[in-house]
>>> print(open('target_0.pdb').read())   # PDB, C-alpha atoms and all ligand atoms
ATOM      1  CA  MET M   1     -12.543 -14.069   6.243  1.00  0.00           C
ATOM      2  CA  HIS M   2     -15.693 -13.349   8.233  1.00  0.00           C
ATOM      3  CA  GLY M   3     -15.975 -14.707  11.717  1.00  0.00           C
ATOM      4  CA  THR M   4     -12.354 -15.773  11.975  1.00  0.00           C
ATOM      5  CA  ILE M   5      -9.353 -13.841  13.125  1.00  0.00           C
ATOM      6  CA  PRO M   6      -7.390 -12.783  10.049  1.00  0.00           C
ATOM      7  CA  ARG M   7      -3.850 -14.134   9.837  1.00  0.00           C
ATOM      8  CA  ARG M   8      -2.880 -11.557   7.212  1.00  0.00           C
ATOM      9  CA  ILE M   9      -3.839  -7.897   7.200  1.00  0.00           C
ATOM     10  CA  SER M  10      -3.083  -5.805   4.120  1.00  0.00           C
ATOM     11  CA  LEU M  11      -3.138  -2.035   3.962  1.00  0.00           C
ATOM     12  CA  ILE M  12      -3.836  -0.620   0.532  1.00  0.00           C
ATOM     13  CA  GLY M  13      -4.268   2.957  -0.657  1.00  0.00           C
ATOM     14  CA  PHE M  14      -2.612   5.749  -2.551  1.00  0.00           C
ATOM     15  CA  MET M  15       0.899   6.989  -1.863  1.00  0.00           C
ATOM     16  CA  GLY M  16       0.891   9.096   1.283  1.00  0.00           C
ATOM     17  CA  SER M  17      -2.107   7.381   2.854  1.00  0.00           C
ATOM     18  CA  GLY M  18       0.068   6.240   5.765  1.00  0.00           C
ATOM     19  CA  LYS M  19       0.245   2.527   4.950  1.00  0.00           C
ATOM     20  CA  THR M  20       3.819   2.092   6.138  1.00  0.00           C
ATOM     21  CA  THR M  21       3.488   4.050   9.376  1.00  0.00           C
ATOM     22  CA  VAL M  22       0.193   2.436  10.305  1.00  0.00           C
ATOM     23  CA  ALA M  23       1.260  -1.104   9.391  1.00  0.00           C
ATOM     24  CA  ARG M  24       4.355  -0.834  11.566  1.00  0.00           C
ATOM     25  CA  LEU M  25       2.327   0.381  14.541  1.00  0.00           C
ATOM     26  CA  LEU M  26      -0.414  -2.141  13.988  1.00  0.00           C
ATOM     27  CA  GLY M  27       2.097  -4.984  13.889  1.00  0.00           C
ATOM     28  CA  LEU M  28       3.444  -3.893  17.263  1.00  0.00           C
ATOM     29  CA  LYS M  29      -0.023  -3.508  18.717  1.00  0.00           C
ATOM     30  CA  ILE M  30      -1.349  -6.922  17.726  1.00  0.00           C
ATOM     31  CA  GLY M  31       1.922  -8.861  17.772  1.00  0.00           C
ATOM     32  CA  TYR M  32       2.010  -9.530  14.032  1.00  0.00           C
ATOM     33  CA  LYS M  33       5.128  -9.232  11.918  1.00  0.00           C
ATOM     34  CA  TYR M  34       5.238  -6.085   9.841  1.00  0.00           C
ATOM     35  CA  ILE M  35       6.156  -6.489   6.178  1.00  0.00           C
ATOM     36  CA  ASP M  36       6.649  -3.624   3.763  1.00  0.00           C
ATOM     37  CA  LEU M  37       6.088  -4.896   0.234  1.00  0.00           C
ATOM     38  CA  ASP M  38       8.390  -2.297  -1.361  1.00  0.00           C
ATOM     39  CA  SER M  39      11.197  -3.271   1.025  1.00  0.00           C
ATOM     40  CA  LEU M  40      10.633  -6.923   0.212  1.00  0.00           C
ATOM     41  CA  ILE M  41      10.872  -6.140  -3.522  1.00  0.00           C
ATOM     42  CA  GLU M  42      14.099  -4.205  -2.872  1.00  0.00           C
ATOM     43  CA  GLN M  43      15.600  -7.062  -0.866  1.00  0.00           C
ATOM     44  CA  ARG M  44      14.727  -9.588  -3.546  1.00  0.00           C
ATOM     45  CA  ALA M  45      15.928  -7.401  -6.432  1.00  0.00           C
ATOM     46  CA  GLY M  46      18.958  -6.045  -4.596  1.00  0.00           C
ATOM     47  CA  ARG M  47      18.213  -2.440  -5.569  1.00  0.00           C
ATOM     48  CA  PRO M  48      15.878   0.380  -4.606  1.00  0.00           C
ATOM     49  CA  VAL M  49      12.422   0.821  -6.142  1.00  0.00           C
ATOM     50  CA  ARG M  50      13.368   4.065  -7.872  1.00  0.00           C
ATOM     51  CA  GLU M  51      16.336   2.307  -9.466  1.00  0.00           C
ATOM     52  CA  ILE M  52      14.114  -0.524 -10.710  1.00  0.00           C
ATOM     53  CA  PHE M  53      11.722   2.014 -12.249  1.00  0.00           C
ATOM     54  CA  LYS M  54      14.590   3.919 -13.859  1.00  0.00           C
ATOM     55  CA  VAL M  55      16.562   0.997 -15.227  1.00  0.00           C
ATOM     56  CA  GLU M  56      13.980  -1.736 -15.843  1.00  0.00           C
ATOM     57  CA  GLY M  57      10.765   0.256 -16.053  1.00  0.00           C
ATOM     58  CA  GLU M  58       7.392   0.079 -14.359  1.00  0.00           C
ATOM     59  CA  LYS M  59       6.285  -3.119 -16.081  1.00  0.00           C
ATOM     60  CA  ILE M  60       9.162  -5.134 -14.664  1.00  0.00           C
ATOM     61  CA  PHE M  61       8.620  -3.503 -11.276  1.00  0.00           C
ATOM     62  CA  ARG M  62       5.013  -4.755 -11.372  1.00  0.00           C
ATOM     63  CA  THR M  63       6.234  -8.290 -12.049  1.00  0.00           C
ATOM     64  CA  TYR M  64       8.570  -8.108  -9.059  1.00  0.00           C
ATOM     65  CA  GLU M  65       5.722  -6.701  -6.984  1.00  0.00           C
ATOM     66  CA  SER M  66       3.406  -9.624  -7.817  1.00  0.00           C
ATOM     67  CA  GLN M  67       6.137 -12.147  -7.163  1.00  0.00           C
ATOM     68  CA  ALA M  68       6.917 -10.590  -3.791  1.00  0.00           C
ATOM     69  CA  LEU M  69       3.223 -10.531  -2.851  1.00  0.00           C
ATOM     70  CA  MET M  70       2.825 -14.202  -3.747  1.00  0.00           C
ATOM     71  CA  THR M  71       5.574 -15.160  -1.299  1.00  0.00           C
ATOM     72  CA  LEU M  72       3.315 -13.861   1.471  1.00  0.00           C
ATOM     73  CA  GLN M  73       0.290 -15.998   0.757  1.00  0.00           C
ATOM     74  CA  GLU M  74       1.294 -18.728   3.143  1.00  0.00           C
ATOM     75  CA  GLN M  75       2.746 -16.561   5.871  1.00  0.00           C
ATOM     76  CA  ASN M  76       0.660 -16.058   8.966  1.00  0.00           C
ATOM     77  CA  ASP M  77       0.283 -13.283  11.499  1.00  0.00           C
ATOM     78  CA  ILE M  78       1.598 -10.530   9.280  1.00  0.00           C
ATOM     79  CA  VAL M  79       0.615  -6.940   8.574  1.00  0.00           C
ATOM     80  CA  ILE M  80       1.562  -5.868   5.062  1.00  0.00           C
ATOM     81  CA  SER M  81       1.967  -2.342   3.813  1.00  0.00           C
ATOM     82  CA  THR M  82       1.631  -2.512   0.056  1.00  0.00           C
ATOM     83  CA  GLY M  83       2.755  -0.062  -2.608  1.00  0.00           C
ATOM     84  CA  GLY M  84      -0.047   2.129  -3.986  1.00  0.00           C
ATOM     85  CA  GLY M  85      -0.134   0.218  -7.275  1.00  0.00           C
ATOM     86  CA  ALA M  86      -0.234  -3.343  -5.931  1.00  0.00           C
ATOM     87  CA  PRO M  87      -4.040  -3.756  -5.957  1.00  0.00           C
ATOM     88  CA  ILE M  88      -4.300  -2.238  -9.422  1.00  0.00           C
ATOM     89  CA  GLN M  89      -2.865  -5.341 -11.028  1.00  0.00           C
ATOM     90  CA  GLU M  90      -5.661  -7.788 -11.533  1.00  0.00           C
ATOM     91  CA  ASN M  91      -3.570 -10.851 -10.812  1.00  0.00           C
ATOM     92  CA  ASN M  92      -2.866  -9.501  -7.317  1.00  0.00           C
ATOM     93  CA  ARG M  93      -6.476  -8.934  -6.403  1.00  0.00           C
ATOM     94  CA  ARG M  94      -7.249 -12.424  -5.184  1.00  0.00           C
ATOM     95  CA  PHE M  95      -4.685 -11.924  -2.461  1.00  0.00           C
ATOM     96  CA  PHE M  96      -6.612  -8.919  -1.188  1.00  0.00           C
ATOM     97  CA  THR M  97     -10.078 -10.434  -1.520  1.00  0.00           C
ATOM     98  CA  ASP M  98      -9.457 -14.021  -0.402  1.00  0.00           C
ATOM     99  CA  LEU M  99      -6.169 -14.259   1.409  1.00  0.00           C
ATOM    100  CA  SER M 100      -6.124 -11.252   3.680  1.00  0.00           C
ATOM    101  CA  PHE M 101      -8.231  -8.853   5.642  1.00  0.00           C
ATOM    102  CA  THR M 102      -7.752  -5.776   3.513  1.00  0.00           C
ATOM    103  CA  VAL M 103      -8.051  -2.198   4.671  1.00  0.00           C
ATOM    104  CA  PHE M 104      -8.213   0.753   2.311  1.00  0.00           C
ATOM    105  CA  LEU M 105      -6.556   3.769   3.885  1.00  0.00           C
ATOM    106  CA  TYR M 106      -8.309   6.703   2.277  1.00  0.00           C
ATOM    107  CA  VAL M 107      -6.515  10.028   1.980  1.00  0.00           C
ATOM    108  CA  SER M 108      -8.060  12.977   0.136  1.00  0.00           C
ATOM    109  CA  PHE M 109      -6.138  14.247  -2.867  1.00  0.00           C
ATOM    110  CA  ASP M 110      -5.165  17.553  -1.230  1.00  0.00           C
ATOM    111  CA  GLU M 111      -4.042  15.913   1.970  1.00  0.00           C
ATOM    112  CA  MET M 112      -2.027  13.396  -0.041  1.00  0.00           C
ATOM    113  CA  LEU M 113      -0.214  16.222  -1.845  1.00  0.00           C
ATOM    114  CA  LYS M 114       0.512  17.947   1.454  1.00  0.00           C
ATOM    115  CA  ARG M 115       1.936  14.793   2.977  1.00  0.00           C
ATOM    116  CA  THR M 116       4.008  13.604   0.067  1.00  0.00           C
ATOM    117  CA  PHE M 117       5.306  17.012  -1.019  1.00  0.00           C
ATOM    118  CA  ALA M 118       6.136  18.102   2.526  1.00  0.00           C
ATOM    119  CA  GLY M 119       9.444  16.328   2.562  1.00  0.00           C
ATOM    120  CA  LYS M 120      11.343  16.589  -0.696  1.00  0.00           C
ATOM    121  CA  LYS M 121      12.753  13.164   0.030  1.00  0.00           C
ATOM    122  CA  SER M 122       9.379  11.505   0.239  1.00  0.00           C
ATOM    123  CA  ARG M 123       8.546  12.854  -3.191  1.00  0.00           C
ATOM    124  CA  ASP M 124      11.917  12.089  -4.731  1.00  0.00           C
ATOM    125  CA  LEU M 125      11.729   8.472  -3.691  1.00  0.00           C
ATOM    126  CA  ARG M 126       8.458   7.932  -5.510  1.00  0.00           C
ATOM    127  CA  PRO M 127       8.810   7.684  -9.286  1.00  0.00           C
ATOM    128  CA  LEU M 128       5.093   8.193  -9.901  1.00  0.00           C
ATOM    129  CA  LEU M 129       5.146  11.571  -8.160  1.00  0.00           C
ATOM    130  CA  GLN M 130       7.644  12.864 -10.718  1.00  0.00           C
ATOM    131  CA  GLN M 131       4.895  13.981 -13.077  1.00  0.00           C
ATOM    132  CA  PRO M 132       2.561  16.977 -13.373  1.00  0.00           C
ATOM    133  CA  VAL M 133       0.017  17.292 -10.562  1.00  0.00           C
ATOM    134  CA  LYS M 134      -2.885  16.831 -12.977  1.00  0.00           C
ATOM    135  CA  ASP M 135      -1.475  13.447 -14.026  1.00  0.00           C
ATOM    136  CA  ILE M 136      -1.042  12.452 -10.387  1.00  0.00           C
ATOM    137  CA  GLU M 137      -4.658  13.460  -9.853  1.00  0.00           C
ATOM    138  CA  ASN M 138      -5.813  11.305 -12.784  1.00  0.00           C
ATOM    139  CA  LEU M 139      -3.984   8.342 -11.369  1.00  0.00           C
ATOM    140  CA  TYR M 140      -5.497   9.012  -7.953  1.00  0.00           C
ATOM    141  CA  ARG M 141      -9.059   9.216  -9.359  1.00  0.00           C
ATOM    142  CA  GLN M 142      -8.625   6.078 -11.481  1.00  0.00           C
ATOM    143  CA  ARG M 143      -7.400   4.063  -8.544  1.00  0.00           C
ATOM    144  CA  LEU M 144      -9.987   5.050  -5.938  1.00  0.00           C
ATOM    145  CA  PRO M 145     -12.744   2.677  -7.118  1.00  0.00           C
ATOM    146  CA  VAL M 146     -10.317  -0.239  -7.138  1.00  0.00           C
ATOM    147  CA  TYR M 147      -9.211   0.451  -3.571  1.00  0.00           C
ATOM    148  CA  GLU M 148     -12.866   0.896  -2.557  1.00  0.00           C
ATOM    149  CA  SER M 149     -13.825  -2.446  -4.044  1.00  0.00           C
ATOM    150  CA  LEU M 150     -11.082  -4.388  -2.287  1.00  0.00           C
ATOM    151  CA  GLY M 151     -10.845  -3.041   1.232  1.00  0.00           C
ATOM    152  CA  VAL M 152     -12.728  -1.807   4.247  1.00  0.00           C
ATOM    153  CA  LYS M 153     -12.371   1.961   4.072  1.00  0.00           C
ATOM    154  CA  VAL M 154     -10.730   3.934   6.869  1.00  0.00           C
ATOM    155  CA  ILE M 155     -10.470   7.705   6.460  1.00  0.00           C
ATOM    156  CA  THR M 156      -7.070   9.023   7.465  1.00  0.00           C
ATOM    157  CA  ASP M 157      -7.176  12.786   6.814  1.00  0.00           C
ATOM    158  CA  ASN M 158      -7.836  13.905  10.372  1.00  0.00           C
ATOM    159  CA  ALA M 159      -6.806  10.851  12.314  1.00  0.00           C
ATOM    160  CA  THR M 160      -3.508  10.042  13.987  1.00  0.00           C
ATOM    161  CA  PRO M 161      -1.672   6.827  13.069  1.00  0.00           C
ATOM    162  CA  LEU M 162      -2.522   5.434  16.513  1.00  0.00           C
ATOM    163  CA  GLU M 163      -6.223   6.136  16.076  1.00  0.00           C
ATOM    164  CA  ILE M 164      -6.187   4.487  12.656  1.00  0.00           C
ATOM    165  CA  CYS M 165      -4.390   1.521  14.080  1.00  0.00           C
ATOM    166  CA  ASP M 166      -6.983   1.110  16.846  1.00  0.00           C
ATOM    167  CA  GLU M 167      -9.787   1.313  14.302  1.00  0.00           C
ATOM    168  CA  ILE M 168      -8.237  -1.390  12.129  1.00  0.00           C
ATOM    169  CA  ALA M 169      -7.653  -3.691  15.095  1.00  0.00           C
ATOM    170  CA  PHE M 170     -11.313  -3.234  16.017  1.00  0.00           C
ATOM    171  CA  LEU M 171     -12.528  -3.868  12.459  1.00  0.00           C
ATOM    172  CA  ALA M 172     -10.390  -6.991  12.200  1.00  0.00           C
ATOM    173  CA  GLY M 173     -11.738  -8.296  15.497  1.00  0.00           C
ATOM    174  CA  LEU M 174      -8.313  -8.276  17.118  1.00  0.00           C
TER     175      LEU M 174
HETATM  176  C1  LIG C 201       3.686   3.088  -6.241  1.00  0.00           C
HETATM  177  C2  LIG C 201       3.778   3.347  -4.896  1.00  0.00           C
HETATM  178  C3  LIG C 201       5.020   3.180  -4.120  1.00  0.00           C
HETATM  179  C4  LIG C 201       5.943   2.178  -4.805  1.00  0.00           C
HETATM  180  C5  LIG C 201       6.152   2.543  -6.237  1.00  0.00           C
HETATM  181  C6  LIG C 201       4.857   2.603  -7.038  1.00  0.00           C
HETATM  182  C7  LIG C 201       2.376   3.275  -6.937  1.00  0.00           C
HETATM  183  O1  LIG C 201       4.714   2.757  -2.794  1.00  0.00           O
HETATM  184  O2  LIG C 201       5.421   0.874  -4.732  1.00  0.00           O
HETATM  185  O3  LIG C 201       6.810   3.785  -6.257  1.00  0.00           O
HETATM  186  O4  LIG C 201       2.196   2.744  -8.036  1.00  0.00           O
HETATM  187  O5  LIG C 201       1.509   3.956  -6.348  1.00  0.00           O
HETATM  188  P1  LIG C 201       3.991   3.720  -1.691  1.00  0.00           P
HETATM  189  O6  LIG C 201       2.520   3.678  -1.948  1.00  0.00           O
HETATM  190  O7  LIG C 201       4.364   3.065  -0.400  1.00  0.00           O
HETATM  191  O8  LIG C 201       4.575   5.074  -1.843  1.00  0.00           O
END
>>> encode(input="target_0.pdb", output="structure tokens")
Amino acid sequence: MHGTIPRRISLIGFMGSGKTTVARLLGLKIGYKYIDLDSLIEQRAGRPVREIFKVEGEKIFRTYESQALMTLQEQNDIVISTGGGAPIQENNRRFFTDLSFTVFLYVSFDEMLKRTFAGKKSRDLRPLLQQPVKDIENLYRQRLPVYESLGVKVITDNATPLEICDEIAFLAGL
């Protein structure tokens, strides 16, 4: 993607890293359409993510997630906020390496807990936060190297969504 203006920008990172907020703002700033992968999955499946996890299980959710991501490979001028697990599936990785300019929004573990546990709703809506903190931490630590390997890292702990958005636009050459 070097040297050309990216037609697709993907934000990856753990839950609570600000992917949704930043992608929405970034879309407005650069005039790209904002797409939330979880919302796309929900539209296609006709039910909320937490319902899919509860009734069909995570494995089926991951299939829906890949299918939804693949529908985006020929769309242009889009900013995608992905779910925290999307880059973990190997069959999705080509999208992030070859088909989009990918940004890893880094959030420290403590900051992530603060953000996602602040509103009960934000926690309740996320099936993978319904487990002991030490298991959430394991998941977080396992995923970091994958995020690191796929995206340009932007640290979010002490930055506002607008600042992050400006940094991404700069990095993407937009
Ligand atoms: C998940 C993150 C969620 C959602 C699903 C699974 C994950 O998205 O896709 O609950 O595996 O980390 P957010 O990262 O937007 O919360």
>>> residues_near_ligand(input="target_0.pdb", ligand="ligand LIG 201 (chain C)", cutoff="6 Å", atoms="only C-alpha atoms and all ligand atoms", output="list of chain:residue names")
M:Phe14, M:Met15, M:Asp38, M:Gly83, M:Gly84, M:Gly85, M:Arg126, M:Pro127, M:Leu128
>>> closest_residue(input="target_0.pdb", among="M:Ile80, M:Val107, M:Leu26, M:Met112", to="Val154 in chain M", atoms="all atoms listed in the file")
M:Val107
>>> residues_around(input="target_0.pdb", residues="Asn92 in chain M", least_positions_apart="2", cutoff="12 Å", atoms="all atoms listed in the file", output="PyMOL selection string")
chain M and resi 12+62-73+82-83+85-90+94-100+146+150
>>> closest_residue(input="target_0.pdb", among="M:Leu11, M:Leu171, M:Leu144, M:Ile35", to="Ser108 in chain M", atoms="all atoms listed in the file")
M:Leu144
>>> closest_residue(input="target_0.pdb", among="M:Arg8, M:Gln142, M:Ser81, M:Tyr147", to="Arg93 in chain M", atoms="only C-alpha atoms")
M:Tyr147
>>> resolve_selection(input="target_0.pdb", expression="the PyMOL selection byres (((chain M and resi 28-34) around 8) and not hetatm)", output="mmCIF file with C-alpha atoms, in the frame of the given file")
data_model
loop_
_atom_site.group_PDB
_atom_site.id
_atom_site.type_symbol
_atom_site.label_atom_id
_atom_site.label_comp_id
_atom_site.auth_asym_id
_atom_site.auth_seq_id
_atom_site.Cartn_x
_atom_site.Cartn_y
_atom_site.Cartn_z
ATOM 1 C CA ALA M 23 1.260 -1.104 9.391
ATOM 2 C CA ARG M 24 4.355 -0.834 11.566
ATOM 3 C CA LEU M 25 2.327 0.381 14.541
ATOM 4 C CA LEU M 26 -0.414 -2.141 13.988
ATOM 5 C CA GLY M 27 2.097 -4.984 13.889
ATOM 6 C CA ILE M 35 6.156 -6.489 6.178
ATOM 7 C CA ASP M 36 6.649 -3.624 3.763
ATOM 8 C CA ASP M 77 0.283 -13.283 11.499
ATOM 9 C CA ILE M 78 1.598 -10.530 9.280
ATOM 10 C CA VAL M 79 0.615 -6.940 8.574
ATOM 11 C CA ILE M 80 1.562 -5.868 5.062
ATOM 12 C CA SER M 81 1.967 -2.342 3.813
ATOM 13 C CA ALA M 169 -7.653 -3.691 15.095
ATOM 14 C CA LEU M 174 -8.313 -8.276 17.118
#
>>> closest_residue(input="target_0.pdb", among="M:Val49, M:Leu129, M:Ile136, M:Val152", to="Phe109 in chain M", atoms="all atoms listed in the file")
M:Ile136
>>> decode(input="target_0.pdb", residues="range 5-107 of chain M", atoms="C-alpha atoms", output="JSON list (two decimals), in the first residue's frame")
[["chain", "number", "residue", "atom", "x", "y", "z"],
["M", 5, "ILE", "CA", -3.52, 6.65, -0.99],
["M", 6, "PRO", "CA", -5.27, 3.78, 0.79],
["M", 7, "ARG", "CA", -8.86, 3.15, -0.27],
["M", 8, "ARG", "CA", -9.56, 1.08, 2.85],
["M", 9, "ILE", "CA", -8.41, 1.86, 6.37],
["M", 10, "SER", "CA", -8.90, -0.75, 9.08],
["M", 11, "LEU", "CA", -8.64, -0.12, 12.80],
["M", 12, "ILE", "CA", -7.70, -3.15, 14.84],
["M", 13, "GLY", "CA", -7.02, -3.56, 18.55],
["M", 14, "PHE", "CA", -8.43, -4.90, 21.76],
["M", 15, "MET", "CA", -11.91, -4.11, 23.05],
["M", 16, "GLY", "CA", -11.95, -0.60, 24.46],
["M", 17, "SER", "CA", -9.13, 0.70, 22.29],
["M", 18, "GLY", "CA", -11.51, 3.22, 20.71],
["M", 19, "LYS", "CA", -11.83, 1.65, 17.26],
["M", 20, "THR", "CA", -15.48, 2.58, 16.81],
["M", 21, "THR", "CA", -15.22, 6.17, 18.04],
["M", 22, "VAL", "CA", -12.06, 6.87, 16.07],
["M", 23, "ALA", "CA", -13.26, 5.20, 12.87],
["M", 24, "ARG", "CA", -16.45, 7.26, 12.87],
["M", 25, "LEU", "CA", -14.52, 10.50, 13.33],
["M", 26, "LEU", "CA", -11.88, 9.55, 10.81],
["M", 27, "GLY", "CA", -14.53, 8.77, 8.21],
["M", 28, "LEU", "CA", -15.99, 12.24, 8.67],
["M", 29, "LYS", "CA", -12.59, 13.88, 8.54],
["M", 30, "ILE", "CA", -11.39, 12.25, 5.32],
["M", 31, "GLY", "CA", -14.75, 11.77, 3.62],
["M", 32, "TYR", "CA", -14.68, 7.97, 3.73],
["M", 33, "LYS", "CA", -17.67, 5.84, 4.64],
["M", 34, "TYR", "CA", -17.51, 4.46, 8.15],
["M", 35, "ILE", "CA", -18.26, 0.75, 8.56],
["M", 36, "ASP", "CA", -18.48, -1.03, 11.88],
["M", 37, "LEU", "CA", -17.80, -4.72, 11.32],
["M", 38, "ASP", "CA", -19.88, -5.84, 14.33],
["M", 39, "SER", "CA", -22.85, -3.82, 13.06],
["M", 40, "LEU", "CA", -22.43, -5.35, 9.62],
["M", 41, "ILE", "CA", -22.44, -8.84, 11.17],
["M", 42, "GLU", "CA", -25.59, -7.94, 13.12],
["M", 43, "GLN", "CA", -27.34, -6.63, 10.01],
["M", 44, "ARG", "CA", -26.46, -9.74, 8.04],
["M", 45, "ALA", "CA", -27.40, -12.15, 10.83],
["M", 46, "GLY", "CA", -30.44, -10.20, 11.97],
["M", 47, "ARG", "CA", -29.47, -10.38, 15.64],
["M", 48, "PRO", "CA", -27.04, -8.76, 18.06],
["M", 49, "VAL", "CA", -23.49, -10.03, 18.60],
["M", 50, "ARG", "CA", -24.18, -11.09, 22.18],
["M", 51, "GLU", "CA", -27.15, -13.13, 20.96],
["M", 52, "ILE", "CA", -25.01, -14.84, 18.32],
["M", 53, "PHE", "CA", -22.42, -15.73, 20.96],
["M", 54, "LYS", "CA", -25.10, -17.02, 23.33],
["M", 55, "VAL", "CA", -27.14, -19.04, 20.87],
["M", 56, "GLU", "CA", -24.68, -20.10, 18.17],
["M", 57, "GLY", "CA", -21.36, -19.77, 19.96],
["M", 58, "GLU", "CA", -18.09, -18.01, 19.24],
["M", 59, "LYS", "CA", -17.06, -20.32, 16.40],
["M", 60, "ILE", "CA", -20.11, -19.46, 14.32],
["M", 61, "PHE", "CA", -19.66, -15.79, 15.19],
["M", 62, "ARG", "CA", -16.12, -16.00, 13.76],
["M", 63, "THR", "CA", -17.48, -17.44, 10.52],
["M", 64, "TYR", "CA", -19.96, -14.57, 10.23],
["M", 65, "GLU", "CA", -17.15, -12.14, 11.01],
["M", 66, "SER", "CA", -14.95, -13.47, 8.18],
["M", 67, "GLN", "CA", -17.84, -13.46, 5.75],
["M", 68, "ALA", "CA", -18.71, -9.87, 6.63],
["M", 69, "LEU", "CA", -15.07, -8.79, 6.27],
["M", 70, "MET", "CA", -14.82, -10.41, 2.84],
["M", 71, "THR", "CA", -17.73, -8.32, 1.58],
["M", 72, "LEU", "CA", -15.56, -5.26, 2.14],
["M", 73, "GLN", "CA", -12.61, -6.27, 0.02],
["M", 74, "GLU", "CA", -13.88, -4.55, -3.08],
["M", 75, "GLN", "CA", -15.36, -1.49, -1.43],
["M", 76, "ASN", "CA", -13.41, 1.72, -1.70],
["M", 77, "ASP", "CA", -13.02, 4.79, 0.48],
["M", 78, "ILE", "CA", -14.08, 3.13, 3.70],
["M", 79, "VAL", "CA", -12.88, 3.23, 7.29],
["M", 80, "ILE", "CA", -13.58, -0.02, 9.11],
["M", 81, "SER", "CA", -13.74, -0.53, 12.84],
["M", 82, "THR", "CA", -13.22, -4.23, 13.42],
["M", 83, "GLY", "CA", -14.08, -6.37, 16.42],
["M", 84, "GLY", "CA", -11.10, -7.15, 18.67],
["M", 85, "GLY", "CA", -10.94, -10.76, 17.47],
["M", 86, "ALA", "CA", -11.10, -10.18, 13.71],
["M", 87, "PRO", "CA", -7.32, -10.14, 13.08],
["M", 88, "ILE", "CA", -6.80, -13.20, 15.26],
["M", 89, "GLN", "CA", -8.31, -15.47, 12.64],
["M", 90, "GLU", "CA", -5.62, -16.36, 10.18],
["M", 91, "ASN", "CA", -7.90, -16.37, 7.17],
["M", 92, "ASN", "CA", -8.72, -12.70, 7.82],
["M", 93, "ARG", "CA", -5.13, -11.54, 7.97],
["M", 94, "ARG", "CA", -4.60, -11.04, 4.26],
["M", 95, "PHE", "CA", -7.28, -8.38, 4.35],
["M", 96, "PHE", "CA", -5.27, -6.44, 6.91],
["M", 97, "THR", "CA", -1.87, -6.94, 5.29],
["M", 98, "ASP", "CA", -2.73, -6.61, 1.59],
["M", 99, "LEU", "CA", -6.12, -5.02, 1.19],
["M", 100, "SER", "CA", -6.12, -2.18, 3.67],
["M", 101, "PHE", "CA", -4.00, 0.32, 5.48],
["M", 102, "THR", "CA", -4.21, -1.15, 8.95],
["M", 103, "VAL", "CA", -3.79, 0.74, 12.19],
["M", 104, "PHE", "CA", -3.35, -0.95, 15.55],
["M", 105, "LEU", "CA", -4.93, 1.14, 18.27],
["M", 106, "TYR", "CA", -2.95, 0.25, 21.36],
["M", 107, "VAL", "CA", -4.55, 0.57, 24.78]]
